[in-house]
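The data block below is protein.cif; it holds mmCIF, C-alpha atoms and all ligand atoms.
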data_query
loop_
_atom_site.label_atom_id
_atom_site.label_comp_id
_atom_site.auth_asym_id
_atom_site.auth_seq_id
_atom_site.Cartn_x
_atom_site.Cartn_y
_atom_site.Cartn_z
CA GLY I 1 95.08 124.31 108.80
CA GLY I 2 92.16 122.39 107.38
CA ALA I 3 90.74 119.04 108.34
CA ALA I 4 92.98 116.02 108.84
CA LEU I 5 93.04 113.27 106.23
CA LEU I 6 91.66 110.79 108.79
CA SER I 7 89.61 111.95 111.75
CA LEU I 8 87.93 110.12 114.61
CA ARG I 9 85.58 112.08 116.85
CA ASN I 10 84.33 110.66 120.09
CA VAL I 11 84.15 107.10 118.80
CA GLU I 12 82.57 104.47 121.02
CA VAL I 13 82.72 100.76 120.19
CA VAL I 14 80.95 97.81 121.77
CA TYR I 15 81.46 94.10 121.16
CA SER I 16 78.49 91.72 121.28
CA ASP I 17 76.32 94.68 122.33
CA VAL I 18 77.68 94.51 125.87
CA VAL I 19 81.43 95.09 126.11
CA LEU I 20 82.23 98.79 125.79
CA VAL I 21 85.83 98.90 124.56
CA LEU I 22 86.31 102.39 123.10
CA ARG I 23 84.92 105.15 125.30
CA GLY I 24 85.02 108.21 123.11
CA VAL I 25 88.23 108.21 121.09
CA SER I 26 89.21 111.26 119.04
CA LEU I 27 92.31 111.40 116.89
CA ASP I 28 93.61 113.00 113.71
CA VAL I 29 96.06 111.85 111.09
CA PRO I 30 97.11 114.79 108.88
CA ALA I 31 97.98 114.04 105.26
CA GLY I 32 101.51 112.74 104.84
CA GLN I 33 102.32 112.44 108.54
CA ILE I 34 103.23 109.49 110.76
CA VAL I 35 101.00 109.26 113.83
CA ALA I 36 101.72 106.73 116.58
CA LEU I 37 98.95 105.05 118.58
CA LEU I 38 100.45 103.58 121.73
CA GLY I 39 99.07 101.65 124.66
CA ALA I 40 99.31 98.47 126.67
CA ASN I 41 97.83 95.11 125.70
CA GLY I 42 94.06 95.33 125.62
CA ALA I 43 93.90 99.14 125.61
CA GLY I 44 91.84 99.03 122.41
CA LYS I 45 94.38 99.87 119.71
CA THR I 46 93.35 97.08 117.33
CA THR I 47 89.72 98.01 117.94
CA VAL I 48 90.46 101.57 116.76
CA LEU I 49 91.82 100.14 113.50
CA ARG I 50 88.84 97.78 113.06
CA ALA I 51 86.48 100.72 113.56
CA ILE I 52 88.29 102.69 110.83
CA THR I 53 88.47 99.87 108.29
CA GLY I 54 84.94 98.56 108.69
CA LEU I 55 86.06 95.21 110.10
CA LEU I 56 84.19 95.41 113.42
CA PRO I 57 81.18 93.37 112.23
CA LEU I 58 83.51 90.39 111.67
CA HIS I 59 84.21 90.52 115.41
CA ARG I 60 80.61 91.17 116.52
CA GLY I 61 81.52 94.75 117.24
CA ARG I 62 80.03 98.06 116.16
CA VAL I 63 80.50 101.79 116.47
CA THR I 64 77.73 103.08 118.73
CA LYS I 65 78.71 106.77 118.83
CA GLY I 66 80.94 109.30 117.17
CA SER I 67 82.17 109.74 113.63
CA ILE I 68 85.01 108.58 111.41
CA THR I 69 85.89 110.62 108.34
CA LEU I 70 88.37 110.22 105.52
CA ASP I 71 88.95 113.48 103.64
CA GLY I 72 85.89 114.90 105.36
CA THR I 73 83.60 112.09 104.15
CA ALA I 74 82.05 109.73 106.70
CA ILE I 75 83.28 106.14 106.36
CA ASP I 76 81.53 104.77 109.46
CA ASP I 77 79.22 102.53 107.47
CA ALA I 78 81.36 101.89 104.42
CA PRO I 79 82.39 98.30 103.60
CA ALA I 80 86.11 97.52 103.76
CA PRO I 81 86.81 97.31 99.97
CA SER I 82 85.22 100.70 99.35
CA ILE I 83 87.39 102.22 102.08
CA VAL I 84 90.47 100.82 100.31
CA ARG I 85 89.25 102.38 97.05
CA ARG I 86 89.02 105.71 98.87
CA GLY I 87 92.71 105.53 99.68
CA LEU I 88 93.04 103.79 103.03
CA ALA I 89 94.85 100.45 103.39
CA GLN I 90 95.63 98.35 106.43
CA VAL I 91 98.19 95.79 107.54
CA MET I 92 96.60 93.67 110.22
CA GLU I 93 98.28 92.36 113.34
CA GLY I 94 100.15 89.11 112.85
CA ARG I 95 100.91 89.69 109.13
CA ARG I 96 98.02 87.76 107.66
CA ILE I 97 99.59 86.94 104.36
CA PHE I 98 98.43 84.07 102.18
CA ALA I 99 100.98 81.45 103.21
CA ASP I 100 100.18 79.08 100.32
CA LEU I 101 100.53 81.75 97.65
CA THR I 102 103.77 83.10 96.25
CA VAL I 103 105.12 86.51 97.17
CA GLU I 104 103.95 87.92 93.85
CA GLU I 105 100.48 86.38 94.15
CA ASN I 106 100.17 88.03 97.57
CA LEU I 107 101.12 91.39 96.08
CA ARG I 108 98.68 90.94 93.18
CA ALA I 109 95.91 90.25 95.69
CA GLY I 110 96.52 93.70 97.17
CA GLY I 111 96.17 95.20 93.71
CA PHE I 112 92.47 94.44 93.37
CA THR I 113 91.82 98.17 92.98
CA CYS I 114 94.09 98.38 89.90
CA ARG I 115 91.91 98.85 86.83
CA THR I 116 94.46 97.80 84.19
CA ARG I 117 97.25 95.27 83.77
CA ALA I 118 99.65 98.18 83.37
CA ALA I 119 98.59 99.64 86.72
CA LEU I 120 99.09 96.26 88.38
CA ALA I 121 102.54 95.86 86.78
CA GLU I 122 103.49 99.36 87.95
CA GLY I 123 102.34 98.48 91.46
CA LEU I 124 104.56 95.39 91.46
CA GLU I 125 107.52 97.43 90.23
CA ARG I 126 106.97 99.98 93.01
CA ALA I 127 106.77 97.20 95.60
CA TYR I 128 109.96 95.55 94.36
CA ALA I 129 111.76 98.91 94.31
CA LEU I 130 110.82 99.39 97.95
CA PHE I 131 111.62 95.78 98.89
CA PRO I 132 114.42 94.51 96.65
CA ALA I 133 114.71 91.35 98.78
CA LEU I 134 111.20 90.34 97.75
CA LYS I 135 111.96 90.59 94.06
CA ASP I 136 114.37 87.65 94.25
CA ARG I 137 111.71 85.69 96.10
CA ARG I 138 108.74 86.63 93.97
CA SER I 139 108.03 82.96 93.08
CA GLN I 140 108.55 81.59 96.59
CA MET I 141 105.70 80.47 98.79
CA ALA I 142 105.14 83.36 101.23
CA GLY I 143 104.70 80.98 104.17
CA TYR I 144 108.36 79.94 103.91
CA LEU I 145 109.71 83.47 104.35
CA SER I 146 111.14 84.81 107.62
CA GLY I 147 108.92 86.87 109.92
CA GLY I 148 110.47 90.13 108.74
CA GLU I 149 110.05 89.19 105.08
CA GLN I 150 106.43 88.23 105.70
CA GLN I 151 105.84 91.62 107.30
CA MET I 152 107.30 93.19 104.15
CA VAL I 153 104.95 91.14 101.97
CA ALA I 154 102.03 92.30 104.11
CA ILE I 155 103.09 95.94 103.83
CA GLY I 156 103.83 95.58 100.11
CA ARG I 157 100.42 94.06 99.54
CA ALA I 158 98.71 96.98 101.31
CA LEU I 159 100.71 99.50 99.25
CA MET I 160 99.50 97.96 95.97
CA SER I 161 96.34 100.10 96.17
CA GLN I 162 98.53 103.25 96.38
CA PRO I 163 96.88 104.40 99.59
CA ARG I 164 97.06 107.96 100.86
CA ILE I 165 97.06 106.50 104.35
CA LEU I 166 98.37 103.19 105.64
CA LEU I 167 97.32 101.65 108.96
CA LEU I 168 99.92 99.37 110.54
CA ASP I 169 99.08 97.13 113.50
CA GLU I 170 102.23 96.31 115.47
CA PRO I 171 104.56 95.73 112.54
CA SER I 172 107.54 95.13 114.84
CA LEU I 173 105.86 92.43 116.95
CA GLY I 174 108.05 89.38 117.43
CA LEU I 175 110.86 90.61 115.18
CA ALA I 176 114.56 90.80 116.04
CA PRO I 177 115.94 94.31 116.75
CA LYS I 178 117.80 94.47 113.44
CA ILE I 179 114.61 93.65 111.53
CA VAL I 180 112.65 96.17 113.60
CA GLY I 181 115.18 98.73 112.37
CA GLU I 182 114.47 97.71 108.77
CA ILE I 183 110.73 98.02 109.31
CA ARG I 184 111.25 101.46 110.88
CA ASP I 185 113.32 102.63 107.88
CA LEU I 186 110.64 101.30 105.58
CA ILE I 187 107.88 103.24 107.35
CA VAL I 188 109.98 106.39 106.97
CA LYS I 189 110.35 105.68 103.23
CA ILE I 190 106.61 105.16 102.89
CA HIS I 191 106.07 108.52 104.60
CA GLU I 192 108.64 110.14 102.31
CA SER I 193 106.70 108.88 99.30
CA GLY I 194 103.75 110.96 100.55
CA THR I 195 101.66 108.34 102.32
CA ALA I 196 100.35 109.07 105.81
CA VAL I 197 100.80 106.31 108.41
CA LEU I 198 98.80 105.46 111.53
CA LEU I 199 101.24 103.27 113.43
CA VAL I 200 99.94 101.07 116.25
CA GLU I 201 102.90 99.91 118.32
CA GLN I 202 103.89 98.50 121.66
CA ASN I 203 107.44 99.48 120.77
CA ALA I 204 106.96 103.10 121.84
CA ALA I 205 110.63 104.01 121.40
CA MET I 206 110.59 102.96 117.74
CA ALA I 207 107.22 104.60 117.05
CA LEU I 208 107.99 107.93 118.76
CA GLY I 209 111.39 107.96 117.08
CA ILE I 210 109.80 108.35 113.64
CA ALA I 211 106.31 109.77 114.30
CA HIS I 212 105.27 113.41 114.12
CA ALA I 213 102.53 113.02 116.71
CA GLY I 214 101.24 110.37 119.06
CA TYR I 215 98.26 109.29 121.13
CA ILE I 216 98.31 107.12 124.23
CA LEU I 217 95.32 104.88 124.72
CA GLU I 218 94.39 103.42 128.11
CA HIS I 219 91.21 101.45 128.73
CA GLY I 220 89.63 102.74 125.56
CA LYS I 221 90.39 106.40 126.15
CA VAL I 222 93.07 108.76 124.90
CA VAL I 223 94.90 109.80 128.04
CA ARG I 224 97.66 111.81 126.38
CA ASP I 225 98.45 113.21 122.97
CA GLY I 226 100.91 115.61 121.47
CA SER I 227 103.94 115.86 119.27
CA ALA I 228 106.14 112.75 119.35
CA ALA I 229 108.98 114.82 120.83
CA GLU I 230 106.74 116.05 123.68
CA LEU I 231 105.49 112.55 124.42
CA ALA I 232 109.00 111.09 124.43
CA LYS I 233 109.97 113.66 127.11
CA ASP I 234 106.87 113.02 129.24
CA LYS I 235 107.73 111.38 132.59
CA ASP I 236 104.75 109.00 132.61
CA VAL I 237 105.32 107.99 129.02
CA GLN I 238 108.96 107.32 129.84
CA GLU I 239 108.10 105.27 132.88
CA PHE I 240 105.30 103.17 131.39
CA TYR I 241 106.09 102.98 127.72
CA LEU I 242 109.77 103.68 127.22
CA GLY I 243 111.08 101.49 130.03
CA GLY I 244 112.84 104.42 131.70
CA GLY I 245 111.73 106.29 134.83
P1 LIG I 301 96.70 94.01 121.85
O1 LIG I 301 97.95 94.79 121.81
O2 LIG I 301 96.72 92.91 122.86
O3 LIG I 301 96.16 93.60 120.51
P2 LIG I 301 94.83 96.20 121.81
O4 LIG I 301 95.20 97.49 122.48
O5 LIG I 301 94.96 96.12 120.34
O6 LIG I 301 95.63 95.04 122.49
P3 LIG I 301 92.14 95.29 121.41
O7 LIG I 301 92.58 94.08 120.70
O8 LIG I 301 91.52 96.39 120.67
O9 LIG I 301 93.35 95.89 122.27
O10 LIG I 301 91.19 94.84 122.58
C1 LIG I 301 90.61 95.76 123.50
C2 LIG I 301 89.66 95.04 124.45
O11 LIG I 301 88.56 94.54 123.72
C3 LIG I 301 90.29 93.85 125.13
O12 LIG I 301 89.86 93.85 126.48
C4 LIG I 301 89.73 92.65 124.38
O13 LIG I 301 89.60 91.56 125.23
C5 LIG I 301 88.38 93.17 123.95
N1 LIG I 301 87.92 92.53 122.70
C6 LIG I 301 88.57 92.48 121.52
N2 LIG I 301 87.87 91.85 120.58
C7 LIG I 301 86.73 91.47 121.18
C8 LIG I 301 85.55 90.75 120.75
N3 LIG I 301 85.44 90.32 119.49
N4 LIG I 301 84.57 90.53 121.66
C9 LIG I 301 84.69 90.99 122.93
N5 LIG I 301 85.74 91.66 123.39
C10 LIG I 301 86.76 91.91 122.55
#
Could you render the structure from this file as structure tokens?
Amino acid sequence: GGAALLSLRNVEVVYSDVVLVLRGVSLDVPAGQIVALLGANGAGKTTVLRAITGLLPLHRGRVTKGSITLDGTAIDDAPAPSIVRRGLAQVMEGRRIFADLTVEENLRAGGFTCRTRAALAEGLERAYALFPALKDRRSQMAGYLSGGEQQMVAIGRALMSQPRILLLDEPSLGLAPKIVGEIRDLIVKIHESGTAVLLVEQNAAMALGIAHAGYILEHGKVVRDGSAAELAKDKDVQEFYLGGG
């Protein structure tokens, strides 16, 4: 029992004070679990992540109702860096890495919470253990890497703060099936190392294949939730999200 690591209760979000995009979203991510957040384009998935990480103001959005807690402490009004210090890191949609910096410089940027050189060095070692391919390319300009490698840099950068929970926004977007498989295996490894994951995906088959639980968002509302196994068996989920029917 006990409270989830990350909890949203009845969260409403508006953009520019007029566009109501989230209409009362509640969801829980228990410590150490993978939770999938699924939904069509425009359902509000990215907005959920922005609400959690304090990035709404950058998009002229704000939370108008509800609460967001990390470990039972409200983070609704906390600035993004302080949320990272409390153990929550995010990989944004479209892998926004620093294209003009090297792989290692990108990773170092994610280590801004490290208090000592030793902690930073340890973080780099952990990242290279998880992504051996990046070690060989540590001095390469990140912008020259393949899409899959760039996604790994983005994930590695987020892991530098040793988060207890990682938010991933469509990590498989635009990647070849083989690379999607690598990303999936990586998310499982991250989970096995004890980090919880909130996984936003349009690839419902991949997400439900590795998640413990899932939520389906439509027009800013959760229309279904349950264990990943239950959701994968659900007729509507199969028809609309798994391409079956
Ligand atoms: P996608 O998979 O396409 O990213 P999504 O489920 O992540 O979709 P959001 O990006 O959260 O959806 O967008 C939800 C709705 O909010 C959309 O209708 C979008 O047009 C709208 N929206 C997003 N950002 C803004 C903004 N800054 N101002 C006004 N409306 C916005």
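Compared by their closest atoms to Ile97 of chain I, and using all atoms listed in the file, the residues I:Ile52, I:Val153, I:Ala121, I:Leu70 rank with I:Val153 nearest.
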Practice task
Go through I:Ile210, I:Arg62, I:Leu134, I:Ser7 and flag the residue nearest Glu192 of chain I, using all atoms listed in the file for the distances.
Solution key: I:Ile210
Problem - Nearest residue to ligand LIG 301 (chain I) from the set I:Val200, I:Ala205, I:Ala158, I:Ile179 (distances using only C-alpha atoms and all ligand atoms) - result: I:Val200
Problem - Option closest in space to Arg138 of chain I, from I:Glu125, I:Gln151, I:Thr53, I:Glu239 [counting only C-alpha atoms] - result: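 Ranking I:Glu125, I:Gln151, I:Thr53, I:Glu239 by distance to Arg138 of chain I, first place goes to I:Glu125.
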Practice task
Would you list the residues near (107.3, 91.1, 108.8) (no more than 10 Å away, in the coordinates of the file, using only C-alpha atoms) as JSON, numbers by chain?
Solution key: {"I": [94, 95, 96, 97, 145, 146, 147, 148, 149, 150, 151, 152, 153, 154, 155, 170, 171, 172, 173, 174, 175, 179, 180, 182, 183]}
Restore N, CA, C and O atoms in segment 4-28 of chain I and list the result as a compact mmCIF listing (two decimals), in the frame of the given file.
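Here's the written file out-v8.txt:
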# COMPACT_ATOMS: atom_id res chain seq x y z
N ALA I 4 92.01 117.09 109.01
CA ALA I 4 92.98 116.02 108.84
C ALA I 4 92.49 115.06 107.75
O ALA I 4 91.31 115.05 107.42
N LEU I 5 93.42 114.28 107.21
CA LEU I 5 93.04 113.27 106.23
C LEU I 5 92.10 112.25 106.88
O LEU I 5 91.04 111.93 106.35
N LEU I 6 92.51 111.74 108.04
CA LEU I 6 91.66 110.79 108.79
C LEU I 6 91.32 111.40 110.14
O LEU I 6 92.21 111.90 110.83
N SER I 7 90.06 111.35 110.50
CA SER I 7 89.61 111.95 111.75
C SER I 7 88.65 111.04 112.49
O SER I 7 87.68 110.56 111.90
N LEU I 8 88.91 110.81 113.76
CA LEU I 8 87.93 110.12 114.61
C LEU I 8 87.45 111.13 115.63
O LEU I 8 88.27 111.86 116.23
N ARG I 9 86.14 111.18 115.84
CA ARG I 9 85.58 112.08 116.85
C ARG I 9 84.71 111.29 117.79
O ARG I 9 83.68 110.76 117.39
N ASN I 10 85.17 111.20 119.04
CA ASN I 10 84.33 110.66 120.09
C ASN I 10 83.76 109.27 119.79
O ASN I 10 82.59 109.00 120.03
N VAL I 11 84.62 108.41 119.26
CA VAL I 11 84.15 107.10 118.80
C VAL I 11 84.00 106.11 119.96
O VAL I 11 84.93 105.90 120.74
N GLU I 12 82.82 105.54 120.06
CA GLU I 12 82.57 104.47 121.02
C GLU I 12 82.34 103.18 120.27
O GLU I 12 81.66 103.16 119.24
N VAL I 13 82.90 102.08 120.81
CA VAL I 13 82.72 100.76 120.19
C VAL I 13 82.29 99.76 121.25
O VAL I 13 82.85 99.74 122.35
N VAL I 14 81.31 98.95 120.90
CA VAL I 14 80.95 97.81 121.77
C VAL I 14 81.11 96.51 120.99
O VAL I 14 80.96 96.48 119.77
N TYR I 15 81.44 95.46 121.72
CA TYR I 15 81.46 94.10 121.16
C TYR I 15 80.26 93.36 121.71
O TYR I 15 79.92 93.50 122.89
N SER I 16 79.64 92.56 120.88
CA SER I 16 78.49 91.72 121.28
C SER I 16 77.42 92.51 122.03
O SER I 16 76.73 91.95 122.88
N ASP I 17 77.31 93.80 121.71
CA ASP I 17 76.32 94.68 122.33
C ASP I 17 76.47 94.87 123.83
O ASP I 17 75.61 95.47 124.47
N VAL I 18 77.53 94.34 124.42
CA VAL I 18 77.68 94.51 125.87
C VAL I 18 79.03 95.09 126.30
O VAL I 18 79.08 95.89 127.23
N VAL I 19 80.10 94.68 125.64
CA VAL I 19 81.43 95.09 126.11
C VAL I 19 81.83 96.42 125.47
O VAL I 19 82.10 96.49 124.27
N LEU I 20 81.84 97.47 126.28
CA LEU I 20 82.23 98.79 125.79
C LEU I 20 83.76 98.88 125.82
O LEU I 20 84.36 98.84 126.89
N VAL I 21 84.37 98.96 124.63
CA VAL I 21 85.83 98.90 124.56
C VAL I 21 86.45 100.25 124.22
O VAL I 21 87.48 100.63 124.79
N LEU I 22 85.84 101.02 123.34
CA LEU I 22 86.31 102.39 123.10
C LEU I 22 85.30 103.33 123.72
O LEU I 22 84.09 103.23 123.46
N ARG I 23 85.80 104.26 124.53
CA ARG I 23 84.92 105.15 125.30
C ARG I 23 85.06 106.59 124.87
O ARG I 23 85.34 107.45 125.69
N GLY I 24 84.94 106.83 123.58
CA GLY I 24 85.02 108.21 123.11
C GLY I 24 86.42 108.58 122.68
O GLY I 24 87.09 109.39 123.32
N VAL I 25 86.87 107.96 121.60
CA VAL I 25 88.23 108.21 121.09
C VAL I 25 88.20 109.25 119.97
O VAL I 25 87.43 109.12 119.03
N SER I 26 89.04 110.27 120.10
CA SER I 26 89.21 111.26 119.04
C SER I 26 90.68 111.29 118.64
O SER I 26 91.55 111.33 119.51
N LEU I 27 90.93 111.22 117.36
CA LEU I 27 92.31 111.40 116.89
C LEU I 27 92.33 111.85 115.44
O LEU I 27 91.35 111.67 114.71
N ASP I 28 93.45 112.46 115.06
CA ASP I 28 93.61 113.00 113.71
C ASP I 28 94.91 112.50 113.10
O ASP I 28 95.94 112.49 113.77
